[in-house]
Amino acid sequence: MFNLNKPIATPKLWGKKKSQQRRSPFFFLSLFLLSLIFLFFLTFTSIPKSLFSSSSSKTTALSLQFPHCEIRISGEKFLWYAPHSGFSNQLSEFKNAVLMAGILNRTLIIPPILSHHAIALGSCPKFRVQSPKEIRVSVWDHVIELITSGRYVSMADIIDISSVLSSSHVRAIDFRVFVSSWCGLDLDLACAKEPNTQPTYLVDSLKQCGLLLSGVDGNIDRCLFSVDDDCRTTVWTYGNDEADGALDSFQPNEQLKKKKKISYVRRRRDVYKTLGPGSKADSATVLAFGTLFTAPYKGSELYIDIQKAPRDSNIQSLIKKIKFLPFVPEIISVGKQFAVQTVKAPFLCAQLRLLDGQFKNHWEATFSDLKQKLDSVSQTVSRPIHVFVMTDLPRGNWTGNYLGDLAKDSTNFKLYFMNEEDSLVMETAKKLALAGHGLRFGSSLGGIESTDTVAKLQKHCAPHILPDILLFIEETICSCGSLGFFGTAGSTIADNIEIMRKFSSCSNQREDHKMM
């Protein structure tokens with residue numbers, strides 16, 4: 001028998017094996033479990049919190065990255081949306097955004113003017129549109145491009161909204177001011193004078209913030225509520241007598257349902273009841289819409305049907321005010337100046353959209369209608385008839401069509417037009433870049449934005465490339481045409497000019513002509 005108290009004269013290697021054999025059942029298992037725990041800890045801390053799907057995880061992550069997410073400074077709640085297409089559509093959406101902000105008592109985030117057709121919605125009548133989430137992401141990416149390339153121009157740099165805001169309860173904040181504070185970023189660093197020289201981390205952080213506020217990760221308690229109802233399923237109403245959720249009169253027909261394999265049902269929903277006090281959306285600091293574009297269609301509206309608010313005098317007043325939002329004084333002034341100092345006589349404005357979309361296929365009808373208009377005017381005024389021509393067709397392409405004929409007929413017609421290189425246009429663009437009207441909105445709101453933030457943005461984020469304002473000046477000139485206006489059928493630009501003329505935006509100018 002072995003004496004267990006006596007040292008065993010065996011090789012040390014064998015002794016180690018004996019010891020390992022005694023520890024192996026639990027020792028290696030413990031090491032393995034500890035390794036797994038350590039590996040999981042490292043992995044967990046390195047994964048972006050936004051990838052976790054639970055609401056609590058996302059809220060915790062956002063509260064760390066975006067401190068204003070859960071805590072509303074001075075009780076402010078915000079509304080942002082994703083505009084699209086050309087300026088006229090963007091202006092229409094902006095008016096709807098002002099209305100929605102007023103109804104829901106939220107501070108409107110004023111967007112920039114997007115590049116023409118940089119963002120496309122699709123077709124509501126055909127039920128073929130980008131989803132709200134998709135269009136929000138597209139708009140955010142384009143806005144980053146505008147900021148980093150020095151081409152950012154706020155809607156409030158061009159449209160004068162001061163009178164609407166001062167005479168109503170609607171509040172507004174510039175997009176850049178909001179993003180600087182909300183995302184916790186020095187956005188002025190993104191406004192580098194040389195394109196694409198911004199710090200990589202800054203651009204990446206902007207994109208991440210945009211994904212969160214676009215609702216890519218879904219709604220986030222008390223922070224973000226993304227509205228994913230679009231024109232395929234919803235028509236927003238307010239304060240009328242119809243039942244909330246009633247079927248809209250315009251629905252996809254059976255042929256479209258079978259062809260496109262769609263099953264959409266359009267319902268009329270009260271925006272205040274759905275997204276206002278008492279709703280889940282109301283608790284969120286930011287309410288994010290997709291597009292706010294609407295238009296009359298087959299006896300209904302494509303997305304927003306709020307024509308009046310008989311039970312709410314404040315909103316009824318706001319509806320009237322937003323029907324016409326004038327350009328800022330710099331643009332109106334130069335338009336009037338051109339009419340007085342260059343044309344120097346009563347004139348007719350001809351707005352001819354000939355190259356874009358459907359319009360390029362209707363030259364003959366457009367020119368025929370213009371000829372009839374000029375023939376009618378010629379019956380009442382002496383020759384030559386003064387005509388201001390606003391068109392997207394370059395003058396080099398006028399040869400061989402009716403515009404070329406008008407230009408050659410100097411006995412009967414005298415034509416006027418503007419170019420981007422004209423001194424009046426260039427000087428006005430410089431004035432607007434220096435004025436920075438858009439950045440005036442936000443500095444008075446308590447807490448979330450600071451005067452220092454606004455000051456830095458004003459210093460560093462003025463456009464490095466002069467804004468393209470030719471369209472706005474041309475529309476103003478057309479509103480001054482005392483001999484009348486000819487607009488291209490179906491053009492939203494023509495619609496906007498008609499509104500300007502209806503509200504006599506150039507009334508003082510017309511009086512000047514009468515005195516001449």
# chains A, B, ... in the order shown; residues from 1 in each chain; ligands from 1
call {"tool": "closest_atom_pairs", "arguments": {"of": "stretch 318-437 of chain A", "to": "stretch 164-173 of chain A", "cutoff": "12 Å", "atoms": "only C-alpha atoms", "output": "JSON lines"}}
result
{"residue": "A:Leu318", "atom": "CA", "partner": "A:Ser168", "partner_atom": "CA", "distance": 7.0}
{"residue": "A:Ile319", "atom": "CA", "partner": "A:Val164", "partner_atom": "CA", "distance": 10.4}
{"residue": "A:Lys320", "atom": "CA", "partner": "A:Val164", "partner_atom": "CA", "distance": 10.2}
{"residue": "A:Lys321", "atom": "CA", "partner": "A:Val164", "partner_atom": "CA", "distance": 6.6}
{"residue": "A:Ile322", "atom": "CA", "partner": "A:Val164", "partner_atom": "CA", "distance": 7.4}
{"residue": "A:Lys323", "atom": "CA", "partner": "A:Val164", "partner_atom": "CA", "distance": 10.7}
{"residue": "A:Phe324", "atom": "CA", "partner": "A:Val164", "partner_atom": "CA", "distance": 10.1}
{"residue": "A:Leu325", "atom": "CA", "partner": "A:Val164", "partner_atom": "CA", "distance": 8.3}
{"residue": "A:Pro326", "atom": "CA", "partner": "A:Val164", "partner_atom": "CA", "distance": 10.4}
{"residue": "A:His437", "atom": "CA", "partner": "A:Ile173", "partner_atom": "CA", "distance": 11.6}
call {"tool": "write_last_selection", "arguments": {"atoms": "N, CA, C and O atoms", "output": "PDB file, in the first residue's frame"}}
result
ATOM      1  N   LEU A 318     -54.927  81.434 -39.437  1.00  0.00           N
ATOM      2  CA  LEU A 318     -53.654  80.963 -39.984  1.00  0.00           C
ATOM      3  C   LEU A 318     -53.828  80.442 -41.408  1.00  0.00           C
ATOM      4  O   LEU A 318     -52.971  80.675 -42.276  1.00  0.00           O
ATOM      5  N   ILE A 319     -54.926  79.745 -41.680  1.00  0.00           N
ATOM      6  CA  ILE A 319     -55.198  79.238 -43.022  1.00  0.00           C
ATOM      7  C   ILE A 319     -55.225  80.384 -44.031  1.00  0.00           C
ATOM      8  O   ILE A 319     -54.692  80.284 -45.147  1.00  0.00           O
ATOM      9  N   LYS A 320     -55.838  81.486 -43.642  1.00  0.00           N
ATOM     10  CA  LYS A 320     -55.914  82.645 -44.529  1.00  0.00           C
ATOM     11  C   LYS A 320     -54.541  83.270 -44.752  1.00  0.00           C
ATOM     12  O   LYS A 320     -54.185  83.683 -45.859  1.00  0.00           O
ATOM     13  N   LYS A 321     -53.738  83.328 -43.687  1.00  0.00           N
ATOM     14  CA  LYS A 321     -52.432  83.990 -43.776  1.00  0.00           C
ATOM     15  C   LYS A 321     -51.444  83.229 -44.658  1.00  0.00           C
ATOM     16  O   LYS A 321     -50.626  83.832 -45.351  1.00  0.00           O
ATOM     17  N   ILE A 322     -51.496  81.910 -44.639  1.00  0.00           N
ATOM     18  CA  ILE A 322     -50.500  81.133 -45.381  1.00  0.00           C
ATOM     19  C   ILE A 322     -50.858  80.959 -46.854  1.00  0.00           C
ATOM     20  O   ILE A 322     -50.064  80.394 -47.614  1.00  0.00           O
ATOM     21  N   LYS A 323     -52.029  81.437 -47.253  1.00  0.00           N
ATOM     22  CA  LYS A 323     -52.367  81.336 -48.675  1.00  0.00           C
ATOM     23  C   LYS A 323     -51.356  82.088 -49.524  1.00  0.00           C
ATOM     24  O   LYS A 323     -51.062  81.695 -50.660  1.00  0.00           O
ATOM     25  N   PHE A 324     -50.840  83.178 -48.992  1.00  0.00           N
ATOM     26  CA  PHE A 324     -49.814  83.931 -49.711  1.00  0.00           C
ATOM     27  C   PHE A 324     -48.682  84.294 -48.763  1.00  0.00           C
ATOM     28  O   PHE A 324     -48.879  85.038 -47.799  1.00  0.00           O
ATOM     29  N   LEU A 325     -47.502  83.760 -49.021  1.00  0.00           N
ATOM     30  CA  LEU A 325     -46.301  84.107 -48.277  1.00  0.00           C
ATOM     31  C   LEU A 325     -45.360  84.830 -49.233  1.00  0.00           C
ATOM     32  O   LEU A 325     -44.886  84.237 -50.212  1.00  0.00           O
ATOM     33  N   PRO A 326     -45.074  86.104 -49.000  1.00  0.00           N
ATOM     34  CA  PRO A 326     -44.279  86.889 -49.949  1.00  0.00           C
ATOM     35  C   PRO A 326     -42.802  86.540 -49.895  1.00  0.00           C
ATOM     36  O   PRO A 326     -42.320  85.928 -48.934  1.00  0.00           O
ATOM     37  N   HIS A 437     -31.374  85.614 -43.297  1.00  0.00           N
ATOM     38  CA  HIS A 437     -32.691  85.696 -42.660  1.00  0.00           C
ATOM     39  C   HIS A 437     -33.041  84.417 -41.906  1.00  0.00           C
ATOM     40  O   HIS A 437     -33.637  84.464 -40.829  1.00  0.00           O
TER      41      HIS A 437
END
call {"tool": "residues_around", "arguments": {"residues": "A:Leu287", "least_positions_apart": "2", "cutoff": "6 Å", "atoms": "only C-alpha atoms", "output": "JSON, numbers by chain"}}
result
{"A": [79, 225, 226]}
call {"tool": "write_last_selection", "arguments": {"atoms": "N, CA and C atoms", "output": "PDB file, in the first residue's frame"}}
result
ATOM      1  N   LEU A  79     -41.547  69.842 -35.011  1.00  0.00           N
ATOM      2  CA  LEU A  79     -42.096  69.161 -36.176  1.00  0.00           C
ATOM      3  C   LEU A  79     -41.141  69.352 -37.338  1.00  0.00           C
ATOM      4  N   PHE A 225     -41.434  60.438 -32.787  1.00  0.00           N
ATOM      5  CA  PHE A 225     -42.561  59.712 -33.370  1.00  0.00           C
ATOM      6  C   PHE A 225     -42.556  60.018 -34.859  1.00  0.00           C
ATOM      7  N   SER A 226     -42.345  58.996 -35.666  1.00  0.00           N
ATOM      8  CA  SER A 226     -42.312  59.171 -37.114  1.00  0.00           C
ATOM      9  C   SER A 226     -43.663  58.797 -37.707  1.00  0.00           C
TER      10      SER A 226
END
call {"tool": "closest_residue", "arguments": {"among": "A:Val227, A:Pro132, A:Phe503, A:Ala455", "to": "A:Ala284", "atoms": "only C-alpha atoms"}}
result
A:Val227
call {"tool": "closest_residue", "arguments": {"among": "A:Gln351, A:Thr294, A:Gln458, A:Thr428", "to": "A:Cys478", "atoms": "only C-alpha atoms"}}
result
A:Gln351
call {"tool": "closest_residue", "arguments": {"among": "A:Ser181, A:Ser283, A:Ser205, A:Thr237", "to": "A:Lys77", "atoms": "only C-alpha atoms"}}
result
A:Ser283
call {"tool": "closest_residue", "arguments": {"among": "A:Gln379, A:Asn105, A:Thr488, A:Asn253", "to": "A:Lys360", "atoms": "only C-alpha atoms"}}
result
A:Thr488
call {"tool": "select_by_dssp", "arguments": {"residues": "stretch 179-393 of chain A", "states": "alpha helix (DSSP H)", "output": "number ranges by chain"}}
result
A: 179-182, 200-213, 254-260, 271-275, 313-321, 329-338, 363-378
call {"tool": "atom_distance", "arguments": {"atom1": "atom CA of A:Gly239", "atom2": "atom CA of A:Lys298"}}
result
22.3 Å
